[in-house]
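Below is one structure, written out as structure tokens; comments come after it.
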Amino acid sequence: MLPYAAYLRVYEPLSAFTERDRAYWAAYADSKDRPRRAFALEAEHAEAVRRLLGVSPMPAPGGESTNAYLRRIEDTLYVCPWQSRLRSWLAFARFRGGTPPRLADRFVPRAIAEQTVDDFDRFKQNGGSAALRTHIRTSTWHVPTPWFVPFDSAERWLVLGRQEENAQEPSAATTTAPARNLLYVTSMAQARRRVARALVVIRRHVGEVSTLTEVEEVGRWLEDFHPHSLVELDYGGLVHLMDDATLQADQSAAELAAALTGLDTGQEELAFAMYQRVIVRWKSIQALESAN
């Protein structure tokens, strides 16, 4: 759980869960002790730091999180479980796969790493592939371009201190947003429709490129969830890398949509210019990872 990370989340309606989970999440929503939205990311990050800075670092929690992000629209409760243990296992597997063993051992002692891998293997054997479905995707230091595809510029919700650029955020009545944040929220139906259109346009006018594969991956992930879910893109800790003027000027979803429309209508120069604006913006943010 890094502080400079963005999140793509799916909130499923309460009806999508098992009877046991429905009862739990309904009671959880009414609890006064659950972490509130304004402090949830800080709580997740602080818990991860405590685990990793301990005398014996723990790459994953000993048990699965019992917390979730919640949204309520009219009478429908939507739930996005944190799944901190599963997400930590998956992140640790990526870390181990991309880090030389000697360097990895400096971060996590080999015995602890092997125990973590064994625990994850047992979990996969008991739960199967369905158990690996996460409601939250994380990206450090940037927002991947395909993550903007499911959203429309009208679904953008920017908060700078007390000033709200768009007050039509769907859960404003029941969740407290951080004092400074940028979110997009849409319905699952809209998200899938936009991803499908993007795939058609890219295949027709560009062909088999890496962007196509990345958009396909987002589409497959969305298909795993209830059709009446909500989809959210949260800039998370990335807002701390951007000043107010930069956040106000960031229209990545609108620019990517304009690029796709330009491709589909033969306006190739417009399409290229809009796409480059998105790419250059996020490369400049991502470069901060290696800055002194």
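Letters A, B, ... mark the chains of the structure tokens in the order given; residue numbers begin at 1 per chain; ligand numbers begin at 1, in order shown.
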Spatial neighbours of Tyr24 (chain A), 12 Å, only C-alpha atoms, chain gap at least 2 places, as a list in words
Leu14, Phe17, Thr18, Glu19, Arg20, Asp21, Arg22, Ala26, Ala27, Tyr28, Ala29, Asp30, Ser31, Thr66, Asn67, Ala68, Val79 and Pro81 of chain A
Include N, CA and C atoms and write out the residues we just selected as a PDB file, in the first residue's frame.
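Output saved as part_4.pdb:
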```pdb
ATOM      1  N   LEU A  14     -25.420  -4.884  -2.648  1.00  0.00           N
ATOM      2  CA  LEU A  14     -25.465  -5.851  -1.555  1.00  0.00           C
ATOM      3  C   LEU A  14     -26.038  -7.182  -2.012  1.00  0.00           C
ATOM      4  N   PHE A  17     -23.822 -10.380  -2.996  1.00  0.00           N
ATOM      5  CA  PHE A  17     -23.048 -11.152  -2.023  1.00  0.00           C
ATOM      6  C   PHE A  17     -23.871 -12.317  -1.467  1.00  0.00           C
ATOM      7  N   THR A  18     -23.191 -13.246  -0.841  1.00  0.00           N
ATOM      8  CA  THR A  18     -23.875 -14.371  -0.206  1.00  0.00           C
ATOM      9  C   THR A  18     -24.734 -13.863   0.946  1.00  0.00           C
ATOM     10  N   GLU A  19     -25.648 -14.693   1.383  1.00  0.00           N
ATOM     11  CA  GLU A  19     -26.539 -14.287   2.466  1.00  0.00           C
ATOM     12  C   GLU A  19     -25.754 -13.906   3.717  1.00  0.00           C
ATOM     13  N   ARG A  20     -24.732 -14.694   4.010  1.00  0.00           N
ATOM     14  CA  ARG A  20     -23.912 -14.410   5.196  1.00  0.00           C
ATOM     15  C   ARG A  20     -23.206 -13.069   5.050  1.00  0.00           C
ATOM     16  N   ASP A  21     -22.624 -12.816   3.878  1.00  0.00           N
ATOM     17  CA  ASP A  21     -21.915 -11.558   3.652  1.00  0.00           C
ATOM     18  C   ASP A  21     -22.883 -10.375   3.612  1.00  0.00           C
ATOM     19  N   ARG A  22     -24.077 -10.593   3.063  1.00  0.00           N
ATOM     20  CA  ARG A  22     -25.061  -9.502   3.042  1.00  0.00           C
ATOM     21  C   ARG A  22     -25.374  -9.042   4.463  1.00  0.00           C
ATOM     22  N   ALA A  26     -24.353  -5.294   5.773  1.00  0.00           N
ATOM     23  CA  ALA A  26     -25.464  -4.431   6.197  1.00  0.00           C
ATOM     24  C   ALA A  26     -25.219  -3.910   7.610  1.00  0.00           C
ATOM     25  N   ALA A  27     -24.764  -4.805   8.494  1.00  0.00           N
ATOM     26  CA  ALA A  27     -24.450  -4.383   9.861  1.00  0.00           C
ATOM     27  C   ALA A  27     -23.238  -3.460   9.875  1.00  0.00           C
ATOM     28  N   TYR A  28     -22.271  -3.763   9.031  1.00  0.00           N
ATOM     29  CA  TYR A  28     -21.057  -2.943   8.928  1.00  0.00           C
ATOM     30  C   TYR A  28     -21.415  -1.513   8.508  1.00  0.00           C
ATOM     31  N   ALA A  29     -22.327  -1.386   7.552  1.00  0.00           N
ATOM     32  CA  ALA A  29     -22.717  -0.059   7.067  1.00  0.00           C
ATOM     33  C   ALA A  29     -23.346   0.779   8.170  1.00  0.00           C
ATOM     34  N   ASP A  30     -24.008   0.118   9.113  1.00  0.00           N
ATOM     35  CA  ASP A  30     -24.669   0.834  10.211  1.00  0.00           C
ATOM     36  C   ASP A  30     -23.740   1.088  11.391  1.00  0.00           C
ATOM     37  N   SER A  31     -22.541   0.522  11.332  1.00  0.00           N
ATOM     38  CA  SER A  31     -21.611   0.647  12.457  1.00  0.00           C
ATOM     39  C   SER A  31     -21.020   2.056  12.527  1.00  0.00           C
ATOM     40  N   THR A  66     -11.696  -6.973   7.263  1.00  0.00           N
ATOM     41  CA  THR A  66     -13.148  -6.990   7.433  1.00  0.00           C
ATOM     42  C   THR A  66     -13.759  -5.630   7.084  1.00  0.00           C
ATOM     43  N   ASN A  67     -12.977  -4.780   6.406  1.00  0.00           N
ATOM     44  CA  ASN A  67     -13.442  -3.442   6.055  1.00  0.00           C
ATOM     45  C   ASN A  67     -13.800  -3.354   4.578  1.00  0.00           C
ATOM     46  N   ALA A  68     -14.508  -2.301   4.230  1.00  0.00           N
ATOM     47  CA  ALA A  68     -14.910  -2.084   2.848  1.00  0.00           C
ATOM     48  C   ALA A  68     -15.172  -0.603   2.619  1.00  0.00           C
ATOM     49  N   VAL A  79     -20.962  -2.168  -2.091  1.00  0.00           N
ATOM     50  CA  VAL A  79     -19.845  -2.563  -1.239  1.00  0.00           C
ATOM     51  C   VAL A  79     -18.617  -2.895  -2.080  1.00  0.00           C
ATOM     52  N   PRO A  81     -15.153  -4.440  -0.929  1.00  0.00           N
ATOM     53  CA  PRO A  81     -14.291  -4.951   0.145  1.00  0.00           C
ATOM     54  C   PRO A  81     -12.830  -4.552  -0.066  1.00  0.00           C
TER      55      PRO A  81
END
```
Check the DSSP output for the backbone and give back, as number ranges by chain, the residues of region 156-277 of chain A in strand (DSSP E).
A: 156-160, 163-164, 180-187, 230-234
Using N, CA, C and O atoms, can you write the selected residues to a file as a CSV table (one decimal), in the first residue's frame?
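New file out_37.csv:
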```csv
chain,number,residue,atom,x,y,z
A,156,ARG,N,-16.6,13.3,-13.6
A,156,ARG,CA,-15.4,13.7,-12.9
A,156,ARG,C,-15.9,14.5,-11.7
A,156,ARG,O,-16.7,15.4,-11.8
A,157,TRP,N,-15.2,14.3,-10.6
A,157,TRP,CA,-15.6,14.9,-9.3
A,157,TRP,C,-14.3,15.4,-8.6
A,157,TRP,O,-13.5,14.6,-8.1
A,158,LEU,N,-14.0,16.7,-8.7
A,158,LEU,CA,-12.8,17.3,-8.1
A,158,LEU,C,-13.1,18.1,-6.9
A,158,LEU,O,-14.0,18.9,-6.9
A,159,VAL,N,-12.3,17.8,-5.8
A,159,VAL,CA,-12.5,18.6,-4.6
A,159,VAL,C,-11.1,19.2,-4.3
A,159,VAL,O,-10.1,18.5,-4.2
A,160,LEU,N,-11.1,20.5,-4.2
A,160,LEU,CA,-9.9,21.2,-3.8
A,160,LEU,C,-10.2,22.0,-2.5
A,160,LEU,O,-10.9,23.0,-2.5
A,163,GLN,N,-13.8,23.6,-2.0
A,163,GLN,CA,-14.4,23.8,-3.3
A,163,GLN,C,-14.7,22.6,-4.1
A,163,GLN,O,-13.7,21.8,-4.4
A,164,GLU,N,-15.9,22.3,-4.5
A,164,GLU,CA,-16.2,21.1,-5.3
A,164,GLU,C,-16.5,21.6,-6.7
A,164,GLU,O,-17.4,22.4,-7.0
A,180,ARG,N,-9.2,16.9,-0.4
A,180,ARG,CA,-8.6,17.1,-1.7
A,180,ARG,C,-8.6,15.8,-2.5
A,180,ARG,O,-7.9,14.9,-2.1
A,181,ASN,N,-9.3,15.7,-3.6
A,181,ASN,CA,-9.4,14.4,-4.2
A,181,ASN,C,-9.9,14.6,-5.6
A,181,ASN,O,-10.6,15.6,-5.9
A,182,LEU,N,-9.7,13.6,-6.5
A,182,LEU,CA,-10.3,13.6,-7.8
A,182,LEU,C,-10.8,12.2,-8.1
A,182,LEU,O,-10.0,11.2,-8.0
A,183,LEU,N,-12.1,12.1,-8.4
A,183,LEU,CA,-12.7,10.8,-8.6
A,183,LEU,C,-13.5,10.8,-9.9
A,183,LEU,O,-13.9,11.9,-10.4
A,184,TYR,N,-13.7,9.6,-10.5
A,184,TYR,CA,-14.7,9.4,-11.5
A,184,TYR,C,-15.5,8.2,-11.0
A,184,TYR,O,-15.0,7.3,-10.5
A,185,VAL,N,-16.8,8.3,-11.2
A,185,VAL,CA,-17.7,7.2,-10.8
A,185,VAL,C,-18.8,7.0,-11.9
A,185,VAL,O,-19.4,8.0,-12.4
A,186,THR,N,-19.0,5.8,-12.3
A,186,THR,CA,-20.0,5.5,-13.3
A,186,THR,C,-20.7,4.2,-13.0
A,186,THR,O,-20.2,3.4,-12.2
A,187,SER,N,-21.7,3.8,-13.8
A,187,SER,CA,-22.4,2.6,-13.7
A,187,SER,C,-21.6,1.5,-14.4
A,187,SER,O,-20.8,1.8,-15.4
A,230,LEU,N,-21.1,-0.4,-9.5
A,230,LEU,CA,-20.6,0.9,-9.8
A,230,LEU,C,-19.1,0.8,-10.0
A,230,LEU,O,-18.4,-0.1,-9.4
A,231,VAL,N,-18.5,1.6,-10.8
A,231,VAL,CA,-17.0,1.6,-11.1
A,231,VAL,C,-16.5,3.0,-10.7
A,231,VAL,O,-17.1,4.0,-11.1
A,232,GLU,N,-15.4,3.0,-10.0
A,232,GLU,CA,-14.8,4.2,-9.5
A,232,GLU,C,-13.3,4.3,-9.8
A,232,GLU,O,-12.6,3.3,-9.6
A,233,LEU,N,-12.9,5.4,-10.3
A,233,LEU,CA,-11.4,5.7,-10.5
A,233,LEU,C,-11.1,6.8,-9.4
A,233,LEU,O,-11.7,7.9,-9.5
A,234,ASP,N,-10.2,6.5,-8.6
A,234,ASP,CA,-9.8,7.4,-7.5
A,234,ASP,C,-8.3,7.7,-7.6
A,234,ASP,O,-7.4,6.8,-7.6
```
Have a look at A:Leu86, A:Ala259, A:Ala273, A:Ala23 and name the one nearest to Glu64 (chain A); count only C-alpha atoms.
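Ranked by minimum distance to Glu64 (chain A), first place goes to A:Leu86.
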Among region 7-239 of chain A, which residues does DSSP mark as alpha helix (DSSP H) when it is run on the backbone? Keep the chain and numbering as in the structure and answer as an NGL selection string.
:A and (19-30 or 37-52 or 84-98 or 101-107 or 110-127 or 188-205 or 210-223)
Written file, previous selection with C-alpha atoms, as an mmCIF file, in the first residue's frame:
```
data_model
loop_
_atom_site.group_PDB
_atom_site.id
_atom_site.type_symbol
_atom_site.label_atom_id
_atom_site.label_comp_id
_atom_site.auth_asym_id
_atom_site.auth_seq_id
_atom_site.Cartn_x
_atom_site.Cartn_y
_atom_site.Cartn_z
ATOM 1 C CA GLU A 19 -26.539 -14.287 2.466
ATOM 2 C CA ARG A 20 -23.912 -14.410 5.196
ATOM 3 C CA ASP A 21 -21.915 -11.558 3.652
ATOM 4 C CA ARG A 22 -25.061 -9.502 3.042
ATOM 5 C CA ALA A 23 -25.854 -9.647 6.742
ATOM 6 C CA TYR A 24 -22.302 -8.704 7.660
ATOM 7 C CA TRP A 25 -22.014 -5.754 5.257
ATOM 8 C CA ALA A 26 -25.464 -4.431 6.197
ATOM 9 C CA ALA A 27 -24.450 -4.383 9.861
ATOM 10 C CA TYR A 28 -21.057 -2.943 8.928
ATOM 11 C CA ALA A 29 -22.717 -0.059 7.067
ATOM 12 C CA ASP A 30 -24.669 0.834 10.211
ATOM 13 C CA ARG A 37 -13.996 7.252 3.621
ATOM 14 C CA ALA A 38 -11.969 10.369 4.432
ATOM 15 C CA PHE A 39 -9.415 8.314 6.383
ATOM 16 C CA ALA A 40 -9.642 4.874 4.773
ATOM 17 C CA LEU A 41 -6.565 5.184 2.539
ATOM 18 C CA GLU A 42 -4.501 6.521 5.430
ATOM 19 C CA ALA A 43 -5.666 3.604 7.598
ATOM 20 C CA GLU A 44 -4.732 1.044 4.925
ATOM 21 C CA HIS A 45 -1.324 2.627 4.372
ATOM 22 C CA ALA A 46 -0.535 2.914 8.077
ATOM 23 C CA GLU A 47 -1.415 -0.755 8.633
ATOM 24 C CA ALA A 48 0.856 -1.804 5.752
ATOM 25 C CA VAL A 49 3.760 0.307 7.051
ATOM 26 C CA ARG A 50 3.434 -1.221 10.519
ATOM 27 C CA ARG A 51 3.610 -4.725 9.048
ATOM 28 C CA LEU A 52 6.635 -4.017 6.858
ATOM 29 C CA SER A 84 -6.067 -6.240 1.954
ATOM 30 C CA ARG A 85 -4.647 -9.738 2.419
ATOM 31 C CA LEU A 86 -5.409 -10.921 -1.108
ATOM 32 C CA ARG A 87 -4.148 -7.690 -2.667
ATOM 33 C CA SER A 88 -0.962 -7.903 -0.578
ATOM 34 C CA TRP A 89 -0.368 -11.497 -1.703
ATOM 35 C CA LEU A 90 -0.822 -10.518 -5.340
ATOM 36 C CA ALA A 91 1.460 -7.499 -4.965
ATOM 37 C CA PHE A 92 4.114 -9.599 -3.234
ATOM 38 C CA ALA A 93 3.951 -12.182 -6.021
ATOM 39 C CA ARG A 94 4.564 -9.405 -8.576
ATOM 40 C CA PHE A 95 7.412 -8.061 -6.460
ATOM 41 C CA ARG A 96 9.072 -11.472 -6.199
ATOM 42 C CA GLY A 97 8.617 -12.087 -9.911
ATOM 43 C CA GLY A 98 10.269 -8.808 -10.893
ATOM 44 C CA PRO A 101 16.382 -12.958 -5.362
ATOM 45 C CA ARG A 102 19.354 -11.398 -3.558
ATOM 46 C CA LEU A 103 17.725 -7.970 -3.625
ATOM 47 C CA ALA A 104 14.327 -9.352 -2.633
ATOM 48 C CA ASP A 105 15.908 -11.050 0.404
ATOM 49 C CA ARG A 106 17.096 -7.652 1.640
ATOM 50 C CA PHE A 107 13.501 -6.466 1.835
ATOM 51 C CA ARG A 110 13.721 -15.620 2.703
ATOM 52 C CA ALA A 111 12.012 -17.712 5.393
ATOM 53 C CA ILE A 112 9.201 -15.164 5.770
ATOM 54 C CA ALA A 113 8.897 -14.802 1.998
ATOM 55 C CA GLU A 114 8.603 -18.550 1.530
ATOM 56 C CA GLN A 115 5.982 -18.778 4.282
ATOM 57 C CA THR A 116 4.000 -16.012 2.574
ATOM 58 C CA VAL A 117 4.169 -17.867 -0.743
ATOM 59 C CA ASP A 118 3.043 -21.103 0.939
ATOM 60 C CA ASP A 119 0.093 -19.349 2.597
ATOM 61 C CA PHE A 120 -0.957 -17.878 -0.755
ATOM 62 C CA ASP A 121 -0.646 -21.254 -2.492
ATOM 63 C CA ARG A 122 -2.897 -22.889 0.107
ATOM 64 C CA PHE A 123 -5.425 -20.106 -0.322
ATOM 65 C CA LYS A 124 -5.484 -20.609 -4.095
ATOM 66 C CA GLN A 125 -5.862 -24.378 -3.741
ATOM 67 C CA ASN A 126 -8.806 -23.999 -1.380
ATOM 68 C CA GLY A 127 -10.597 -21.192 -3.201
ATOM 69 C CA MET A 188 -21.091 -0.847 -14.713
ATOM 70 C CA ALA A 189 -23.337 -0.752 -17.795
ATOM 71 C CA GLN A 190 -21.789 2.513 -18.977
ATOM 72 C CA ALA A 191 -18.272 1.321 -18.192
ATOM 73 C CA ARG A 192 -18.677 -1.888 -20.194
ATOM 74 C CA ARG A 193 -20.282 -0.010 -23.085
ATOM 75 C CA ARG A 194 -17.405 2.459 -23.314
ATOM 76 C CA VAL A 195 -14.766 -0.258 -23.085
ATOM 77 C CA ALA A 196 -16.501 -2.232 -25.849
ATOM 78 C CA ARG A 197 -16.633 0.852 -28.092
ATOM 79 C CA ALA A 198 -12.952 1.613 -27.449
ATOM 80 C CA LEU A 199 -11.982 -1.932 -28.390
ATOM 81 C CA VAL A 200 -13.891 -1.675 -31.683
ATOM 82 C CA VAL A 201 -12.260 1.667 -32.533
ATOM 83 C CA ILE A 202 -8.741 0.553 -31.634
ATOM 84 C CA ARG A 203 -9.022 -2.718 -33.572
ATOM 85 C CA ARG A 204 -10.486 -0.967 -36.611
ATOM 86 C CA HIS A 205 -8.058 1.937 -36.835
ATOM 87 C CA SER A 210 -0.283 -2.975 -26.408
ATOM 88 C CA THR A 211 -3.028 -0.475 -25.612
ATOM 89 C CA LEU A 212 -5.603 -2.870 -27.064
ATOM 90 C CA THR A 213 -4.404 -5.649 -24.758
ATOM 91 C CA GLU A 214 -4.528 -3.346 -21.745
ATOM 92 C CA VAL A 215 -8.072 -2.177 -22.513
ATOM 93 C CA GLU A 216 -9.117 -5.812 -23.054
ATOM 94 C CA GLU A 217 -7.749 -6.654 -19.612
ATOM 95 C CA VAL A 218 -9.831 -3.904 -18.009
ATOM 96 C CA GLY A 219 -12.883 -5.186 -19.889
ATOM 97 C CA ARG A 220 -12.361 -8.770 -18.730
ATOM 98 C CA TRP A 221 -11.975 -7.604 -15.144
ATOM 99 C CA LEU A 222 -15.241 -5.632 -15.281
ATOM 100 C CA GLU A 223 -17.086 -8.660 -16.657
#
```
Could you tell me how far CA of Gln251 (chain A) sits from CA of Pro146 (chain A), in Å to one decimal place?
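Result for CA of Pro146 (chain A) versus CA of Gln251 (chain A): 14.2 Å, one decimal.
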